[in-house]
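Student: Have a peek at target.cif (mmCIF, C-alpha atoms and all ligand atoms).
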data_query
loop_
_atom_site.label_atom_id
_atom_site.label_comp_id
_atom_site.auth_asym_id
_atom_site.auth_seq_id
_atom_site.Cartn_x
_atom_site.Cartn_y
_atom_site.Cartn_z
CA MET A 261 -1.81 12.88 26.74
CA THR A 262 0.07 9.70 25.84
CA LEU A 263 -0.87 7.70 22.75
CA ALA A 264 -2.43 4.99 24.97
CA THR A 265 -4.58 7.53 26.92
CA ASN A 266 -5.61 9.04 23.63
CA GLN A 267 -6.68 5.67 22.23
CA LYS A 268 -8.60 4.77 25.37
CA GLN A 269 -10.49 8.09 25.22
CA LEU A 270 -11.20 7.67 21.52
CA TRP A 271 -12.66 4.20 21.98
CA GLU A 272 -14.67 5.14 25.06
CA ASP A 273 -16.14 8.11 23.13
CA SER A 274 -16.89 5.77 20.25
CA PHE A 275 -18.74 3.37 22.58
CA ASP A 276 -20.64 6.24 24.28
CA GLU A 277 -21.82 7.36 20.86
CA ALA A 278 -22.65 3.81 19.79
CA ILE A 279 -24.55 3.11 23.02
CA ALA A 280 -26.54 6.37 22.69
CA ARG A 281 -27.49 5.41 19.13
CA GLN A 282 -27.98 1.75 20.08
CA ALA A 283 -25.51 1.07 17.29
CA TYR A 284 -22.78 -0.97 18.93
CA ASN A 285 -21.98 -4.33 17.42
CA THR A 286 -24.13 -7.19 18.70
CA ALA A 287 -23.41 -9.63 15.87
CA PRO A 288 -20.61 -12.18 16.07
CA VAL A 289 -18.14 -11.75 13.20
CA GLU A 290 -19.05 -14.42 10.67
CA ALA A 291 -15.45 -15.04 9.58
CA LEU A 292 -14.51 -15.84 13.18
CA VAL A 293 -17.54 -18.04 13.73
CA ARG A 294 -16.85 -20.15 10.66
CA THR A 295 -13.11 -20.50 11.24
CA VAL A 296 -13.39 -21.30 14.94
CA SER A 297 -16.25 -23.72 14.23
CA TYR A 298 -14.05 -25.75 11.85
CA TRP A 299 -11.23 -25.79 14.39
CA LEU A 300 -13.53 -26.93 17.20
CA ARG A 301 -15.29 -29.55 15.09
CA ASP A 302 -11.99 -31.09 14.03
CA ARG A 303 -10.61 -31.47 17.53
CA TYR A 304 -13.27 -31.59 20.24
CA THR A 305 -16.63 -33.17 20.99
CA LEU A 306 -19.37 -30.82 22.18
CA GLU A 307 -18.74 -32.06 25.72
CA GLN A 308 -14.97 -31.49 25.50
CA GLN A 309 -15.52 -27.92 24.24
CA LYS A 310 -16.79 -26.99 27.69
CA ASP A 311 -13.28 -27.44 29.10
CA LEU A 312 -11.80 -24.89 26.69
CA HIS A 313 -10.87 -21.32 27.59
CA PHE A 314 -10.94 -18.64 24.87
CA MET A 315 -9.96 -14.99 25.07
CA GLU A 316 -10.80 -12.06 22.82
CA MET A 317 -8.47 -9.11 22.44
CA GLY A 318 -10.58 -5.96 22.12
CA CYS A 319 -13.82 -7.79 22.94
CA GLY A 320 -16.02 -4.67 22.73
CA ALA A 321 -19.62 -5.41 23.72
CA GLY A 322 -18.84 -9.13 23.56
CA PRO A 323 -20.80 -10.62 20.63
CA ASN A 324 -17.99 -13.06 19.77
CA LEU A 325 -17.53 -14.09 23.41
CA LEU A 326 -21.27 -14.58 23.73
CA TRP A 327 -21.25 -16.95 20.74
CA LEU A 328 -18.51 -19.01 22.43
CA ALA A 329 -20.08 -18.87 25.91
CA ASN A 330 -23.34 -20.18 24.47
CA LYS A 331 -21.42 -23.33 23.55
CA GLY A 332 -20.33 -23.67 27.17
CA ILE A 333 -16.78 -22.48 26.47
CA ARG A 334 -15.14 -20.36 29.19
CA VAL A 335 -14.45 -16.84 27.92
CA SER A 336 -12.18 -14.00 28.93
CA GLY A 337 -11.73 -10.62 27.32
CA VAL A 338 -9.42 -7.66 27.22
CA ASP A 339 -10.43 -4.19 26.12
CA ILE A 340 -8.93 -0.75 26.41
CA ALA A 341 -12.38 0.85 26.95
CA ASP A 342 -14.00 0.46 30.38
CA ASN A 343 -17.50 1.16 29.05
CA ALA A 344 -17.12 -1.62 26.46
CA LEU A 345 -16.14 -4.09 29.16
CA GLN A 346 -19.13 -3.13 31.32
CA LEU A 347 -21.38 -3.64 28.32
CA CYS A 348 -19.73 -6.98 27.59
CA ARG A 349 -20.27 -8.26 31.13
CA ARG A 350 -23.90 -7.09 31.10
CA ASN A 351 -24.60 -8.70 27.73
CA LEU A 352 -23.16 -12.06 28.83
CA GLU A 353 -25.01 -11.98 32.15
CA ARG A 354 -28.30 -10.97 30.51
CA ALA A 355 -27.92 -13.88 28.11
CA GLY A 356 -27.62 -16.22 31.11
CA VAL A 357 -23.98 -17.19 30.54
CA GLY A 358 -22.38 -15.09 33.28
CA ASP A 359 -21.02 -18.30 34.81
CA ARG A 360 -18.86 -18.84 31.69
CA ILE A 361 -16.96 -15.57 32.23
CA GLY A 362 -13.33 -16.04 33.21
CA GLU A 363 -11.87 -12.54 33.45
CA LEU A 364 -12.79 -9.31 31.68
CA VAL A 365 -9.80 -7.04 31.98
CA ALA A 366 -9.17 -3.39 31.16
CA ALA A 367 -5.82 -3.54 29.38
CA SER A 368 -4.17 -3.09 26.04
CA ALA A 369 -3.79 -6.09 23.77
CA THR A 370 -0.08 -5.29 23.76
CA GLN A 371 0.37 -6.23 27.42
CA THR A 372 -2.11 -8.32 29.35
CA PRO A 373 -2.01 -9.64 32.91
CA PHE A 374 -2.59 -13.31 32.00
CA GLU A 375 -0.02 -16.03 32.53
CA SER A 376 1.76 -17.53 29.52
CA GLY A 377 0.03 -20.51 27.92
CA THR A 378 -3.38 -19.75 29.44
CA PHE A 379 -5.69 -20.00 26.43
CA ASP A 380 -6.86 -22.65 23.97
CA GLY A 381 -7.96 -19.93 21.58
CA ILE A 382 -7.58 -16.19 21.06
CA LEU A 383 -9.83 -14.06 18.86
CA GLU A 384 -9.42 -10.60 17.46
CA ALA A 385 -11.75 -8.60 15.22
CA CYS A 386 -11.00 -5.09 13.93
CA VAL A 387 -8.61 -4.23 16.76
CA PHE A 388 -5.10 -5.03 15.53
CA GLN A 389 -5.82 -2.83 12.51
CA HIS A 390 -5.77 0.23 14.79
CA LEU A 391 -2.38 -0.35 16.39
CA ASP A 392 0.82 1.38 15.38
CA LYS A 393 3.84 -0.59 14.25
CA ALA A 394 5.39 -1.21 17.68
CA GLU A 395 1.98 -2.09 19.14
CA ARG A 396 1.23 -4.54 16.33
CA VAL A 397 4.46 -6.39 16.99
CA ALA A 398 3.71 -6.42 20.74
CA ALA A 399 0.08 -7.56 20.31
CA PHE A 400 0.96 -10.49 18.02
CA ALA A 401 3.78 -11.47 20.40
CA GLU A 402 1.26 -11.39 23.25
CA VAL A 403 -1.00 -13.76 21.28
CA GLY A 404 1.93 -16.17 20.95
CA ARG A 405 2.76 -15.89 24.63
CA LEU A 406 -0.79 -16.46 25.87
CA LEU A 407 -1.75 -19.44 23.68
CA LYS A 408 -1.17 -23.02 24.73
CA LYS A 409 0.80 -25.16 22.27
CA GLY A 410 -1.69 -26.22 19.59
CA GLY A 411 -3.97 -23.31 20.49
CA VAL A 412 -5.65 -21.30 17.75
CA PHE A 413 -5.60 -17.62 16.84
CA VAL A 414 -8.27 -16.22 14.56
CA GLY A 415 -8.09 -12.55 13.64
CA TYR A 416 -10.04 -10.30 11.28
CA MET A 417 -8.32 -7.23 9.89
CA LEU A 418 -8.24 -4.67 7.08
CA ASP A 419 -6.44 -5.52 3.82
CA ALA A 420 -4.55 -3.13 1.57
CA GLY A 421 -7.07 -3.79 -1.24
CA HIS A 422 -9.77 -2.04 0.82
CA SER A 423 -11.34 0.97 -0.95
CA THR A 424 -10.37 3.39 1.82
CA PHE A 425 -6.71 2.45 1.45
CA GLN A 426 -6.84 2.41 -2.33
CA ARG A 427 -8.21 5.95 -2.35
CA LYS A 428 -5.87 7.39 0.27
CA GLN A 429 -2.69 5.41 -0.16
CA ALA A 430 -0.73 8.51 -1.18
CA GLU A 431 -1.22 9.62 2.45
CA GLN A 432 0.20 6.48 4.05
CA LEU A 433 2.56 7.20 6.91
CA ALA A 434 6.18 7.51 5.83
CA ASP A 435 7.48 5.62 8.87
CA ASP A 436 4.71 2.97 8.77
CA PRO A 437 3.75 2.01 5.20
CA GLY A 438 0.24 0.55 4.98
CA SER A 439 -1.04 2.85 7.74
CA LEU A 440 -3.28 5.90 7.37
CA MET A 441 -4.31 8.50 9.91
CA LEU A 442 -8.08 8.68 9.38
CA THR A 443 -9.53 11.77 10.99
CA ASP A 444 -12.21 13.08 8.66
CA GLY A 445 -14.24 14.46 11.58
CA GLY A 446 -17.80 13.60 12.60
CA SER A 447 -19.00 10.28 13.95
CA LYS A 448 -16.43 8.17 15.80
CA ILE A 449 -18.30 5.03 14.79
CA HIS A 450 -16.92 5.12 11.25
CA LEU A 451 -13.57 3.85 10.08
CA THR A 452 -12.75 7.20 8.51
CA ASN A 453 -12.71 8.94 11.91
CA ILE A 454 -11.05 6.43 14.13
CA GLY A 455 -7.45 7.59 13.86
CA LEU A 456 -4.74 5.17 12.85
CA ALA A 457 -5.73 2.31 10.57
CA HIS A 458 -3.29 -0.25 9.25
CA PHE A 459 -4.12 -2.14 6.04
CA TYR A 460 -2.26 -5.45 6.16
CA ARG A 461 -0.50 -7.30 3.39
CA ARG A 462 -0.36 -11.09 3.41
CA GLU A 463 3.43 -11.30 4.01
CA GLU A 464 3.19 -9.35 7.27
CA TYR A 465 1.41 -12.19 9.08
CA PHE A 466 4.22 -14.69 8.54
CA GLU A 467 6.64 -12.27 10.17
CA LEU A 468 4.28 -11.27 13.01
CA LEU A 469 3.36 -14.90 13.78
CA LYS A 470 6.82 -16.39 13.40
CA GLY A 471 7.10 -19.57 15.46
CA PHE A 472 3.49 -20.69 14.86
CA SER A 473 3.12 -24.15 13.32
CA MET A 474 0.56 -22.87 10.81
CA VAL A 475 -0.28 -19.40 9.52
CA ASP A 476 -3.05 -19.18 6.92
CA PRO A 477 -4.35 -15.71 6.02
CA CYS A 478 -7.53 -15.86 3.94
CA LEU A 479 -8.87 -12.86 2.07
CA THR A 480 -12.58 -12.06 1.96
CA THR A 481 -13.95 -9.23 -0.12
CA TYR A 482 -17.38 -7.85 -0.76
CA TYR A 483 -18.85 -4.70 -2.26
CA LEU A 484 -21.15 -2.56 -0.17
CA PRO A 485 -24.54 -1.86 -1.75
CA LYS A 486 -24.25 1.05 -4.19
CA GLU A 487 -26.45 3.29 -2.03
CA GLU A 488 -24.14 2.86 0.99
CA ALA A 489 -21.04 3.33 -1.18
CA LYS A 490 -22.51 6.58 -2.48
CA ARG A 491 -23.28 7.78 1.02
CA ARG A 492 -19.58 7.36 1.78
CA GLY A 493 -18.56 9.27 -1.33
CA TYR A 494 -17.54 6.26 -3.44
CA ASP A 495 -18.92 4.82 -6.69
CA GLU A 496 -17.90 1.35 -5.51
CA TYR A 497 -16.77 0.45 -2.02
CA LEU A 498 -14.85 -2.77 -1.53
CA GLN A 499 -14.52 -4.18 1.97
CA SER A 500 -11.38 -6.26 1.79
CA MET A 501 -10.55 -8.14 4.99
CA TRP A 502 -8.10 -10.77 6.16
CA THR A 503 -9.26 -13.69 8.25
CA VAL A 504 -6.04 -14.92 9.78
CA TYR A 505 -6.05 -18.53 11.00
CA ALA A 506 -2.95 -19.56 12.92
CA VAL A 507 -2.09 -22.51 15.14
CA LYS A 508 0.70 -22.26 17.68
C1 LIG A 601 -14.11 -2.17 16.18
S1 LIG A 601 -14.27 -2.60 17.87
C2 LIG A 601 -14.49 -4.36 17.76
C3 LIG A 601 -15.11 -4.98 18.97
C4 LIG A 601 -15.30 -6.49 18.90
N1 LIG A 601 -14.07 -7.16 18.58
C5 LIG A 601 -16.39 -6.90 17.93
O1 LIG A 601 -16.11 -7.70 17.02
O2 LIG A 601 -17.54 -6.45 18.09
C6 LIG A 601 -12.59 -2.46 18.45
C7 LIG A 601 -12.45 -2.75 19.95
O3 LIG A 601 -11.06 -2.78 20.29
C8 LIG A 601 -10.84 -2.07 21.48
N2 LIG A 601 -9.45 -1.62 21.47
C9 LIG A 601 -8.88 -0.64 20.73
N3 LIG A 601 -7.56 -0.58 20.95
C10 LIG A 601 -7.27 -1.56 21.83
C11 LIG A 601 -6.09 -2.01 22.45
N4 LIG A 601 -4.90 -1.43 22.20
N5 LIG A 601 -6.15 -3.05 23.31
C12 LIG A 601 -7.36 -3.64 23.60
N6 LIG A 601 -8.51 -3.25 23.04
C13 LIG A 601 -8.47 -2.23 22.17
C14 LIG A 601 -11.88 -0.95 21.44
O4 LIG A 601 -12.16 -0.40 22.70
C15 LIG A 601 -13.08 -1.70 20.85
O5 LIG A 601 -13.83 -2.34 21.83
#
In structure tokens, how does this file's structure come out?
Ligand SMILES: C[S@@+](CC[C@H](N)C(=O)[O-])C[C@H]1O[C@@H](n2cnc3c(N)ncnc32)[C@H](O)[C@@H]1O
Tutor:
Amino acid sequence: MTLATNQKQLWEDSFDEAIARQAYNTAPVEALVRTVSYWLRDRYTLEQQKDLHFMEMGCGAGPNLLWLANKGIRVSGVDIADNALQLCRRNLERAGVGDRIGELVAASATQTPFESGTFDGILEACVFQHLDKAERVAAFAEVGRLLKKGGVFVGYMLDAGHSTFQRKQAEQLADDPGSLMLTDGGSKIHLTNIGLAHFYRREEYFELLKGFSMVDPCLTTYYLPKEEAKRRGYDEYLQSMWTVYAVK
């Protein structure tokens, strides 16, 4: 099995499990909502927003695309997992915004079939953190290729201050510092069983998004409730995440 086939299988298994438990994500990621809202408000009237075309890399069940489509924005998505894409299409159609769907494509974020300069905005949430080094470089380059000039990228990714990384950093991969192989066994829904996870440092974004007119990574941290931290085997569990705002 190649790495890509492996990843596809892993994510499809994760979605099968999530669907069976009715536990897949249906909530738009707040950090994306806020950041994109500011960008939209600054530049477009509500009417003008309907002419925009956004894309999400690793759209999953589509909660972020649904939030955009509800504004009348045209939305496309890419995901490596076929079952996630089916779910995404169904969720958008059920919500009555099927007519706002551009294309939902089974592909890796590292190489998509869209033409250069297609999108006004590209979103990413908790996807680029699971790519290896070469894939990360390729995925960020793909973001740069696909955005129009002045288009916005908003991504949401793990930070090196995260409790999981702080606990396990002695195990980071020798050839890819900042990355851990998380395979504790059990549920595929949890971070600790999803395979490769990369915990970004601020400087990495300026290198990965070279050529953008603005790159502004913003750190958000919060502690999980003690009970949940305990369940995960921690006294305190800090979620430390980057919201990366970048304009081409
Ligand atoms: C943690 S989920 C997040 C889903 C969605 N962004 C959200 O906020 O609900 C990660 C998603 O990325 C997809 N994915 C993983 N690797 C990918 C890749 N190389 N290219 C495209 N999608 C990928 C998975 O199938 C899954 O749908």
Student: Could you state the separation of atom CA of A:Thr286 and atom CA of A:Ala321 in Å, given to one decimal place?
Tutor: 7.0 Å
Student: Just to confirm, what's the straight-line distance from atom CA of A:Met317 to atom C12 of ligand LIG 601 (chain A) in Å (one decimal)?
Tutor: 5.7 Å
Student: Please compute the atom CA of A:Val338-atom CA of A:Phe425 distance, one decimal, in Å.
Tutor: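 Between atom CA of A:Val338 and atom CA of A:Phe425 the gap works out to 27.8 Å.
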Student: If we count all atoms listed in the file and set the cut-off at 10 Å, which residues sit around A:Cys478, ignoring sequence neighbours fewer than 2 positions away in its own chain? Please answer as a list of chain:residue names.
Tutor: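 The filter keeps A:Ala291, A:Tyr416, A:Arg462, A:Val475, A:Asp476, A:Thr480, A:Met501, A:Trp502, A:Thr503, A:Val504, A:Tyr505.
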Student: Find the residues around A:Leu498 up to 10 Å (only C-alpha atoms counted), leave out those fewer than 2 positions away in its own chain, and share them as a ChimeraX atom specification.
Tutor: /A:421-424,426,481-485,489,494,496,500-501
Student: Which residue is closest to ligand LIG 601 (chain A)? Choose from A:Tyr298, A:Trp271, A:Tyr460, A:Phe400 and count all atoms listed in the file.
Tutor: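 Checking each candidate against ligand LIG 601 (chain A), we get A:Trp271 as the closest.
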Student: Can you list, as a PyMOL selection string, every protein, DNA or RNA residue that comes within 12 Å of A:Gly404 when you count only C-alpha atoms, leaving out same-chain residues fewer than 2 positions away?
Tutor: chain A and resi 369-371+375-382+397-402+406-413+468-473+506-508
Student: Counting only C-alpha atoms and all ligand atoms, give me one row per residue of chain A with an atom at most 7 Å from an atom of ligand LIG 601 (chain A), showing the shortest contact pair and its distance in Å to one decimal, sorted by chain then residue number, as JSON lines.
Tutor:
{"residue": "A:Gln267", "atom": "CA", "partner": "A:LIG601", "partner_atom": "N3", "distance": 6.4}
{"residue": "A:Lys268", "atom": "CA", "partner": "A:LIG601", "partner_atom": "O4", "distance": 6.8}
{"residue": "A:Trp271", "atom": "CA", "partner": "A:LIG601", "partner_atom": "O4", "distance": 4.7}
{"residue": "A:Glu272", "atom": "CA", "partner": "A:LIG601", "partner_atom": "O4", "distance": 6.5}
{"residue": "A:Asn285", "atom": "CA", "partner": "A:LIG601", "partner_atom": "O2", "distance": 5.0}
{"residue": "A:Thr286", "atom": "CA", "partner": "A:LIG601", "partner_atom": "O2", "distance": 6.7}
{"residue": "A:Pro288", "atom": "CA", "partner": "A:LIG601", "partner_atom": "O1", "distance": 6.4}
{"residue": "A:Val289", "atom": "CA", "partner": "A:LIG601", "partner_atom": "O1", "distance": 5.9}
{"residue": "A:Met317", "atom": "CA", "partner": "A:LIG601", "partner_atom": "C12", "distance": 5.7}
{"residue": "A:Gly318", "atom": "CA", "partner": "A:LIG601", "partner_atom": "N6", "distance": 3.5}
{"residue": "A:Cys319", "atom": "CA", "partner": "A:LIG601", "partner_atom": "N1", "distance": 4.4}
{"residue": "A:Gly320", "atom": "CA", "partner": "A:LIG601", "partner_atom": "O5", "distance": 3.3}
{"residue": "A:Ala321", "atom": "CA", "partner": "A:LIG601", "partner_atom": "O2", "distance": 6.1}
{"residue": "A:Gly322", "atom": "CA", "partner": "A:LIG601", "partner_atom": "O2", "distance": 6.2}
{"residue": "A:Pro323", "atom": "CA", "partner": "A:LIG601", "partner_atom": "O2", "distance": 5.9}
{"residue": "A:Asn324", "atom": "CA", "partner": "A:LIG601", "partner_atom": "O1", "distance": 6.3}
{"residue": "A:Val338", "atom": "CA", "partner": "A:LIG601", "partner_atom": "C12", "distance": 5.8}
{"residue": "A:Asp339", "atom": "CA", "partner": "A:LIG601", "partner_atom": "N6", "distance": 3.7}
{"residue": "A:Ile340", "atom": "CA", "partner": "A:LIG601", "partner_atom": "N6", "distance": 4.2}
{"residue": "A:Ala341", "atom": "CA", "partner": "A:LIG601", "partner_atom": "O4", "distance": 4.4}
{"residue": "A:Ala344", "atom": "CA", "partner": "A:LIG601", "partner_atom": "O5", "distance": 5.7}
{"residue": "A:Ala367", "atom": "CA", "partner": "A:LIG601", "partner_atom": "C12", "distance": 6.0}
{"residue": "A:Ser368", "atom": "CA", "partner": "A:LIG601", "partner_atom": "N5", "distance": 3.4}
{"residue": "A:Ala369", "atom": "CA", "partner": "A:LIG601", "partner_atom": "N5", "distance": 3.9}
{"residue": "A:Thr370", "atom": "CA", "partner": "A:LIG601", "partner_atom": "N4", "distance": 6.4}
{"residue": "A:Glu384", "atom": "CA", "partner": "A:LIG601", "partner_atom": "N1", "distance": 5.9}
{"residue": "A:Ala385", "atom": "CA", "partner": "A:LIG601", "partner_atom": "N1", "distance": 4.3}
{"residue": "A:Cys386", "atom": "CA", "partner": "A:LIG601", "partner_atom": "C1", "distance": 4.8}
{"residue": "A:Val387", "atom": "CA", "partner": "A:LIG601", "partner_atom": "O3", "distance": 4.5}
{"residue": "A:His390", "atom": "CA", "partner": "A:LIG601", "partner_atom": "N3", "distance": 6.5}
{"residue": "A:Leu391", "atom": "CA", "partner": "A:LIG601", "partner_atom": "N4", "distance": 6.4}
Student: Go through A:Ala329, A:Trp299, A:Asn343, A:His450 one by one, measure the shortest atom-to-atom distance of each to A:Ile279 using all atoms listed in the file, and give the residue with the smallest value.
Tutor: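 The closest residue to A:Ile279 is A:Asn343.
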Student: For A:Gly455, which residue out of A:Glu307, A:Gln429, A:Asp392, A:Phe314 is the nearest one, using all atoms listed in the file?
Tutor: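 Using all atoms listed in the file, A:Gly455 sits closest to A:Asp392.
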Student: Need to verify the contact set: A:Gly332, 8 Å, only C-alpha atoms, exclusion of same-chain residues closer than 3 positions in sequence. Can you return it as JSON, numbers by chain?
Tutor: {"A": [309, 310, 328, 329, 360]}
Student: Starting from 8 Å padding per side, set up an axis-aligned box that covers all listed atoms of stretch 376-387 of chain A and hand over centre and edge lengths in Å, one decimal, as AutoDock Vina command-line options.
Tutor:
--center_x -5.0 --center_y -13.4 --center_z 21.7 --size_x 29.5 --size_y 34.4 --size_z 31.6
Student: Show which residues sit within 10 Å of stretch 357-359 of chain A, as a list in words. Count all atoms listed in the file, and ignore same-chain residues fewer than 3 positions away.
Tutor: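 In the requested format, the answer is Leu326, Leu328, Ala329, Asn330, Lys331, Gly332, Ile333, Arg334, Val335, Arg349, Arg350, Asn351, Leu352, Glu353, Arg354 and Gly362 of chain A.
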Student: Between A:Asn453, A:Arg294, A:Asp276, A:Glu464, which residue has the minimum interatomic distance to A:Gln346, considering only C-alpha atoms?
Tutor: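 Nearest candidate to A:Gln346 out of A:Asn453, A:Arg294, A:Asp276, A:Glu464: A:Asp276.
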